[in-house]
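J.: Provided herewith: protein_24.txt, compact mmCIF, N, CA and C atoms.
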```txt
# COMPACT_ATOMS: atom_id res chain seq x y z
N MET P 7 39.12 65.43 66.67
CA MET P 7 38.17 66.40 67.16
C MET P 7 38.82 67.78 67.11
N TYR P 8 38.06 68.75 66.62
CA TYR P 8 38.54 70.12 66.57
C TYR P 8 38.13 70.92 67.81
N SER P 9 36.89 70.73 68.24
CA SER P 9 36.43 71.49 69.40
C SER P 9 35.32 70.75 70.13
N TYR P 10 35.19 71.08 71.41
CA TYR P 10 34.17 70.48 72.26
C TYR P 10 33.83 71.51 73.33
N SER P 11 32.55 71.77 73.50
CA SER P 11 32.12 72.71 74.54
C SER P 11 30.85 72.20 75.20
N VAL P 12 30.71 72.52 76.50
CA VAL P 12 29.55 72.10 77.27
C VAL P 12 29.10 73.25 78.14
N ASP P 13 27.79 73.43 78.22
CA ASP P 13 27.17 74.36 79.16
C ASP P 13 26.29 73.52 80.06
N ASP P 14 26.59 73.48 81.36
CA ASP P 14 25.82 72.66 82.29
C ASP P 14 24.34 73.05 82.34
N GLY P 15 24.02 74.28 82.03
CA GLY P 15 22.62 74.71 82.01
C GLY P 15 21.96 74.67 83.38
N ASN P 16 22.75 74.87 84.43
CA ASN P 16 22.21 74.81 85.79
C ASN P 16 21.25 75.96 86.07
N GLN P 17 20.11 75.64 86.68
CA GLN P 17 19.18 76.64 87.19
C GLN P 17 19.47 76.78 88.67
N LEU P 18 19.91 77.95 89.09
CA LEU P 18 20.31 78.17 90.47
C LEU P 18 19.30 79.05 91.20
N VAL P 19 19.08 78.71 92.47
CA VAL P 19 18.20 79.51 93.32
C VAL P 19 18.98 79.88 94.58
N HIS P 20 19.04 81.19 94.86
CA HIS P 20 19.66 81.66 96.09
C HIS P 20 18.59 81.68 97.17
N ARG P 21 18.83 80.91 98.24
CA ARG P 21 17.85 80.84 99.32
C ARG P 21 18.38 81.59 100.54
N ASP P 22 17.59 82.52 101.02
CA ASP P 22 17.90 83.21 102.26
C ASP P 22 16.61 83.50 103.03
N ASP P 23 15.56 82.73 102.69
CA ASP P 23 14.26 82.97 103.30
C ASP P 23 13.96 82.05 104.47
N ILE P 24 14.90 81.17 104.83
CA ILE P 24 14.74 80.30 105.99
C ILE P 24 15.68 80.82 107.08
N VAL P 25 15.18 80.96 108.28
CA VAL P 25 15.99 81.49 109.37
C VAL P 25 17.25 80.63 109.56
N GLY P 26 18.40 81.28 109.52
CA GLY P 26 19.67 80.59 109.73
C GLY P 26 20.21 79.86 108.52
N VAL P 27 19.54 79.98 107.36
CA VAL P 27 19.99 79.28 106.15
C VAL P 27 20.22 80.29 105.03
N GLU P 28 21.40 80.22 104.43
CA GLU P 28 21.67 80.97 103.21
C GLU P 28 22.53 80.09 102.34
N ASP P 29 21.98 79.67 101.20
CA ASP P 29 22.72 78.80 100.31
C ASP P 29 22.21 78.96 98.89
N VAL P 30 22.86 78.25 98.00
CA VAL P 30 22.47 78.22 96.59
C VAL P 30 22.16 76.77 96.24
N VAL P 31 21.00 76.55 95.63
CA VAL P 31 20.55 75.21 95.31
C VAL P 31 20.38 75.09 93.79
N ILE P 32 20.86 73.97 93.24
CA ILE P 32 20.61 73.67 91.82
C ILE P 32 19.24 73.02 91.74
N THR P 33 18.29 73.68 91.06
CA THR P 33 16.93 73.16 90.98
C THR P 33 16.64 72.45 89.67
N ASP P 34 17.46 72.67 88.65
CA ASP P 34 17.27 72.01 87.36
C ASP P 34 18.55 72.15 86.57
N ARG P 35 18.74 71.28 85.61
CA ARG P 35 19.87 71.41 84.70
C ARG P 35 19.46 70.88 83.34
N LYS P 36 19.92 71.59 82.33
CA LYS P 36 19.66 71.20 80.94
C LYS P 36 20.98 71.39 80.19
N ALA P 37 21.85 70.41 80.29
CA ALA P 37 23.17 70.50 79.70
C ALA P 37 23.10 70.43 78.18
N THR P 38 23.84 71.33 77.55
CA THR P 38 23.94 71.39 76.09
C THR P 38 25.40 71.56 75.72
N GLY P 39 25.69 71.43 74.45
CA GLY P 39 27.06 71.63 74.00
C GLY P 39 27.17 71.54 72.50
N ALA P 40 28.41 71.48 72.05
CA ALA P 40 28.70 71.36 70.63
C ALA P 40 30.01 70.61 70.47
N VAL P 41 30.13 69.90 69.38
CA VAL P 41 31.36 69.19 69.06
C VAL P 41 31.63 69.35 67.56
N THR P 42 32.89 69.56 67.21
CA THR P 42 33.30 69.61 65.81
C THR P 42 34.37 68.55 65.62
N ILE P 43 34.10 67.64 64.69
CA ILE P 43 35.01 66.53 64.41
C ILE P 43 35.42 66.54 62.94
N GLN P 44 36.47 65.82 62.63
CA GLN P 44 36.80 65.62 61.22
C GLN P 44 35.66 64.80 60.63
N HIS P 45 35.20 65.19 59.48
CA HIS P 45 34.05 64.52 58.85
C HIS P 45 34.41 63.07 58.55
N PRO P 46 33.65 62.13 59.14
CA PRO P 46 33.97 60.72 58.87
C PRO P 46 33.55 60.32 57.46
N LEU P 47 34.13 59.24 56.96
CA LEU P 47 33.69 58.70 55.68
C LEU P 47 32.24 58.23 55.83
N LYS P 48 31.47 58.36 54.77
CA LYS P 48 30.08 57.94 54.81
C LYS P 48 29.96 56.45 55.17
N ALA P 49 30.91 55.66 54.75
CA ALA P 49 30.89 54.22 55.06
C ALA P 49 31.12 53.96 56.55
N GLU P 50 31.82 54.89 57.24
CA GLU P 50 32.05 54.73 58.68
C GLU P 50 30.80 55.10 59.48
N TYR P 51 30.23 56.27 59.17
CA TYR P 51 28.99 56.70 59.82
C TYR P 51 28.42 57.87 59.04
N ASP P 52 27.15 57.78 58.71
CA ASP P 52 26.48 58.85 57.96
C ASP P 52 25.59 59.64 58.90
N PHE P 53 26.13 60.73 59.45
CA PHE P 53 25.37 61.56 60.39
C PHE P 53 24.16 62.19 59.72
N TYR P 54 24.25 62.49 58.42
CA TYR P 54 23.12 63.11 57.72
C TYR P 54 21.94 62.14 57.62
N ALA P 55 22.22 60.89 57.28
CA ALA P 55 21.14 59.90 57.20
C ALA P 55 20.55 59.65 58.58
N ALA P 56 21.41 59.58 59.60
CA ALA P 56 20.92 59.34 60.97
C ALA P 56 20.07 60.51 61.45
N ALA P 57 20.41 61.73 61.03
CA ALA P 57 19.66 62.92 61.47
C ALA P 57 18.36 63.10 60.69
N GLY P 58 18.16 62.32 59.64
CA GLY P 58 16.90 62.38 58.90
C GLY P 58 16.80 63.58 57.98
N VAL P 59 15.67 63.66 57.30
CA VAL P 59 15.41 64.76 56.36
C VAL P 59 15.43 66.07 57.13
N GLY P 60 16.19 67.02 56.65
CA GLY P 60 16.28 68.32 57.31
C GLY P 60 17.30 68.34 58.44
N GLY P 61 17.86 67.17 58.79
CA GLY P 61 18.90 67.10 59.81
C GLY P 61 18.44 67.42 61.21
N ASN P 62 17.15 67.23 61.49
CA ASN P 62 16.65 67.62 62.81
C ASN P 62 16.23 66.46 63.70
N GLN P 63 16.50 65.22 63.30
CA GLN P 63 16.22 64.07 64.16
C GLN P 63 17.49 63.79 64.97
N PRO P 64 17.43 63.93 66.30
CA PRO P 64 18.65 63.69 67.08
C PRO P 64 19.06 62.22 67.06
N VAL P 65 20.35 62.01 67.08
CA VAL P 65 20.93 60.67 67.15
C VAL P 65 21.23 60.39 68.62
N ASP P 66 20.64 59.33 69.18
CA ASP P 66 20.85 58.99 70.59
C ASP P 66 22.05 58.08 70.74
N GLY P 67 22.80 58.27 71.81
CA GLY P 67 23.93 57.40 72.09
C GLY P 67 24.69 57.90 73.31
N SER P 68 25.92 57.47 73.43
CA SER P 68 26.80 57.94 74.49
C SER P 68 28.06 58.48 73.83
N MET P 69 28.83 59.26 74.59
CA MET P 69 30.02 59.86 74.03
C MET P 69 31.13 59.88 75.08
N THR P 70 32.32 59.47 74.68
CA THR P 70 33.49 59.52 75.55
C THR P 70 34.59 60.29 74.83
N ILE P 71 35.20 61.24 75.53
CA ILE P 71 36.32 62.00 75.00
C ILE P 71 37.48 61.82 75.97
N THR P 72 38.62 61.37 75.45
CA THR P 72 39.81 61.19 76.28
C THR P 72 40.91 62.08 75.73
N HIS P 73 41.51 62.89 76.61
CA HIS P 73 42.62 63.76 76.23
C HIS P 73 43.85 63.32 77.02
N GLY P 74 44.91 62.99 76.31
CA GLY P 74 46.14 62.53 76.94
C GLY P 74 46.32 61.04 76.75
N LEU P 75 47.56 60.58 76.92
CA LEU P 75 47.88 59.18 76.69
C LEU P 75 48.47 58.47 77.90
N THR P 76 49.00 59.22 78.85
CA THR P 76 49.71 58.63 79.98
C THR P 76 48.89 58.75 81.25
N ALA P 77 48.82 57.65 82.02
CA ALA P 77 48.10 57.67 83.29
C ALA P 77 48.64 58.81 84.16
N GLY P 78 47.75 59.55 84.78
CA GLY P 78 48.13 60.71 85.57
C GLY P 78 48.16 61.99 84.75
N ASN P 79 48.18 61.85 83.43
CA ASN P 79 48.18 63.01 82.52
C ASN P 79 47.03 62.91 81.53
N MET P 80 45.93 62.31 81.99
CA MET P 80 44.76 62.13 81.12
C MET P 80 43.53 62.73 81.79
N VAL P 81 42.60 63.16 80.97
CA VAL P 81 41.28 63.54 81.46
C VAL P 81 40.26 62.91 80.52
N ARG P 82 39.18 62.39 81.10
CA ARG P 82 38.16 61.72 80.29
C ARG P 82 36.80 62.33 80.63
N PHE P 83 36.06 62.69 79.59
CA PHE P 83 34.69 63.18 79.73
C PHE P 83 33.77 62.12 79.15
N TYR P 84 32.73 61.79 79.89
CA TYR P 84 31.80 60.75 79.46
C TYR P 84 30.38 61.25 79.64
N GLU P 85 29.62 61.21 78.56
CA GLU P 85 28.20 61.50 78.59
C GLU P 85 27.47 60.19 78.28
N PRO P 86 26.84 59.56 79.29
CA PRO P 86 26.19 58.27 79.06
C PRO P 86 24.95 58.35 78.18
N ALA P 87 24.30 59.50 78.12
CA ALA P 87 23.11 59.67 77.27
C ALA P 87 23.18 61.04 76.62
N VAL P 88 23.35 61.05 75.31
CA VAL P 88 23.48 62.32 74.59
C VAL P 88 22.71 62.24 73.28
N ASN P 89 22.06 63.35 72.91
CA ASN P 89 21.44 63.50 71.60
C ASN P 89 22.37 64.37 70.76
N VAL P 90 22.70 63.91 69.57
CA VAL P 90 23.53 64.67 68.64
C VAL P 90 22.63 65.05 67.47
N SER P 91 22.64 66.35 67.11
CA SER P 91 21.76 66.80 66.04
C SER P 91 22.41 67.93 65.24
N ASP P 92 21.72 68.35 64.22
CA ASP P 92 22.12 69.49 63.36
C ASP P 92 23.53 69.35 62.79
N PRO P 93 23.84 68.26 62.09
CA PRO P 93 25.17 68.14 61.49
C PRO P 93 25.37 69.22 60.43
N THR P 94 26.43 69.98 60.57
CA THR P 94 26.72 71.10 59.67
C THR P 94 28.17 71.01 59.22
N PRO P 95 28.42 70.92 57.90
CA PRO P 95 29.81 70.84 57.44
C PRO P 95 30.52 72.17 57.60
N GLU P 96 31.82 72.10 57.90
CA GLU P 96 32.67 73.27 58.01
C GLU P 96 34.00 72.98 57.34
N ASP P 97 34.68 74.03 56.91
CA ASP P 97 36.00 73.90 56.33
C ASP P 97 37.03 74.23 57.40
N LYS P 98 37.93 73.31 57.67
CA LYS P 98 39.02 73.51 58.62
C LYS P 98 40.33 73.38 57.85
N ASN P 99 40.79 74.50 57.31
CA ASN P 99 42.04 74.54 56.54
C ASN P 99 42.05 73.53 55.40
N GLY P 100 40.95 73.45 54.66
CA GLY P 100 40.86 72.56 53.51
C GLY P 100 40.40 71.15 53.84
N VAL P 101 40.16 70.86 55.09
CA VAL P 101 39.66 69.55 55.52
C VAL P 101 38.20 69.72 55.93
N VAL P 102 37.36 68.80 55.50
CA VAL P 102 35.94 68.90 55.83
C VAL P 102 35.72 68.43 57.27
N ALA P 103 35.08 69.30 58.05
CA ALA P 103 34.75 68.99 59.44
C ALA P 103 33.23 68.97 59.57
N LEU P 104 32.76 68.46 60.68
CA LEU P 104 31.33 68.35 60.94
C LEU P 104 31.04 68.88 62.34
N LYS P 105 30.28 69.97 62.40
CA LYS P 105 29.88 70.55 63.69
C LYS P 105 28.49 70.04 64.03
N MET P 106 28.30 69.62 65.31
CA MET P 106 27.02 69.08 65.73
C MET P 106 26.64 69.64 67.10
N THR P 107 25.35 69.75 67.32
CA THR P 107 24.80 70.22 68.59
C THR P 107 24.60 69.03 69.52
N LEU P 108 24.88 69.23 70.81
CA LEU P 108 24.72 68.17 71.81
C LEU P 108 23.64 68.56 72.81
N ARG P 109 22.81 67.61 73.18
CA ARG P 109 21.89 67.75 74.31
C ARG P 109 22.23 66.60 75.24
N ILE P 110 22.78 66.92 76.40
CA ILE P 110 23.29 65.92 77.33
C ILE P 110 22.22 65.65 78.38
N LEU P 111 21.84 64.38 78.51
CA LEU P 111 20.70 64.02 79.35
C LEU P 111 21.13 63.22 80.58
N PRO P 112 20.43 63.40 81.70
CA PRO P 112 20.71 62.54 82.86
C PRO P 112 20.19 61.13 82.60
N VAL P 113 20.84 60.14 83.20
CA VAL P 113 20.42 58.76 83.03
C VAL P 113 19.34 58.40 84.04
N SER P 114 19.57 58.76 85.29
CA SER P 114 18.57 58.47 86.33
C SER P 114 17.71 59.71 86.57
N PRO P 115 16.44 59.54 86.93
CA PRO P 115 15.57 60.70 87.18
C PRO P 115 16.16 61.61 88.25
N GLY P 116 16.30 62.88 87.91
CA GLY P 116 16.88 63.84 88.84
C GLY P 116 18.35 63.61 89.12
N GLY P 117 18.97 62.76 88.29
CA GLY P 117 20.35 62.34 88.54
C GLY P 117 21.38 63.39 88.23
N ASN P 118 22.51 63.25 88.85
CA ASN P 118 23.66 64.11 88.62
C ASN P 118 24.68 63.29 87.83
N ASP P 119 24.21 62.61 86.78
CA ASP P 119 25.06 61.67 86.06
C ASP P 119 25.09 61.95 84.56
N SER P 120 24.80 63.19 84.15
CA SER P 120 24.77 63.50 82.73
C SER P 120 26.17 63.76 82.16
N LEU P 121 27.09 64.25 82.97
CA LEU P 121 28.45 64.52 82.54
C LEU P 121 29.40 64.04 83.62
N ILE P 122 30.24 63.07 83.26
CA ILE P 122 31.17 62.48 84.22
C ILE P 122 32.58 62.75 83.72
N HIS P 123 33.45 63.27 84.58
CA HIS P 123 34.85 63.44 84.19
C HIS P 123 35.74 62.77 85.22
N ARG P 124 36.84 62.26 84.72
CA ARG P 124 37.81 61.56 85.57
C ARG P 124 39.20 62.01 85.26
```
Starting from the file, lay out its structure as structure tokens.
T.:
Amino acid sequence: MYSYSVDDGNQLVHRDDIVGVEDVVITDRKATGAVTIQHPLKAEYDFYAAAGVGGNQPVDGSMTITHGLTAGNMVRFYEPAVNVSDPTPEDKNGVVALKMTLRILPVSPGGNDSLIHR
């Protein structure tokens, strides 16, 4: 993987209209992101075929990213439901890479389970 980015897409509301209450509430979230990976062999996975004609059909699945090898020195990001779309080839120092758009979805209605890190 070359790069990975996530925007939680939180919709925030500052409340100060209730007597004695002042807080910020998350009223909605639409998490998005992007990932750039080394382009896999077509025999391993064909993102273009999965994305359909024009590359605009999202591929549904889950995604886990683990950084580090030793317990206590690792971080893991897990998206249990993600749409991957818009596969776009890029050149990374002479190696073909594939940049894709992510739409990260909650699993349970109104859930706070779209992006889990450990």
J.: From the DSSP assignment of the backbone, select every residue of chain P that is strand (DSSP E or B), and format the answer as an MDAnalysis selection string.
T.: chainID P and resid 9:13 16:24 27:35 37:44 65:73 81:98 101:110 122:123
J.: Which of segment 19-67 of chain P counts as alpha helix (DSSP H) under DSSP, as a list of chain:residue names please?
T.: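 Everything in segment 19-67 of chain P that counts as alpha helix (DSSP H) is P:Phe53, P:Tyr54, P:Ala55, P:Ala56, P:Ala57.
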J.: Please indicate the distance in Å from atom N of Ala87 of chain P to atom CA of Gly15 of chain P, rounded to one decimal place.
T.: 15.8 Å
J.: Using only C-alpha atoms, which protein or nucleic acid residues come within 6 Å of segment 63-73 of chain P? Drop anything in the same chain fewer than 2 positions from it, and give the result as a PyMOL selection string.
T.: chain P and resi 57-58+61+80-91
J.: What is the atom CA of Gln17 of chain P-atom N of Thr107 of chain P distance in Å, reported with one decimal?
T.: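 Atom-to-atom, atom CA of Gln17 of chain P to atom N of Thr107 of chain P, that is 21.9 Å.
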J.: So which one's closest to Pro112 of chain P, P:Gly78, P:Lys36, P:Tyr10, P:Asn16? Using only N, CA and C atoms, please.
T.: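 Under the stated criterion, the closest residue is P:Lys36.
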J.: Give me, please, the distance in Å between atom CA of Val41 of chain P and atom CA of Leu108 of chain P, quoted to one decimal.
T.: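 About the pair atom CA of Val41 of chain P and atom CA of Leu108 of chain P: they are 7.3 Å apart.
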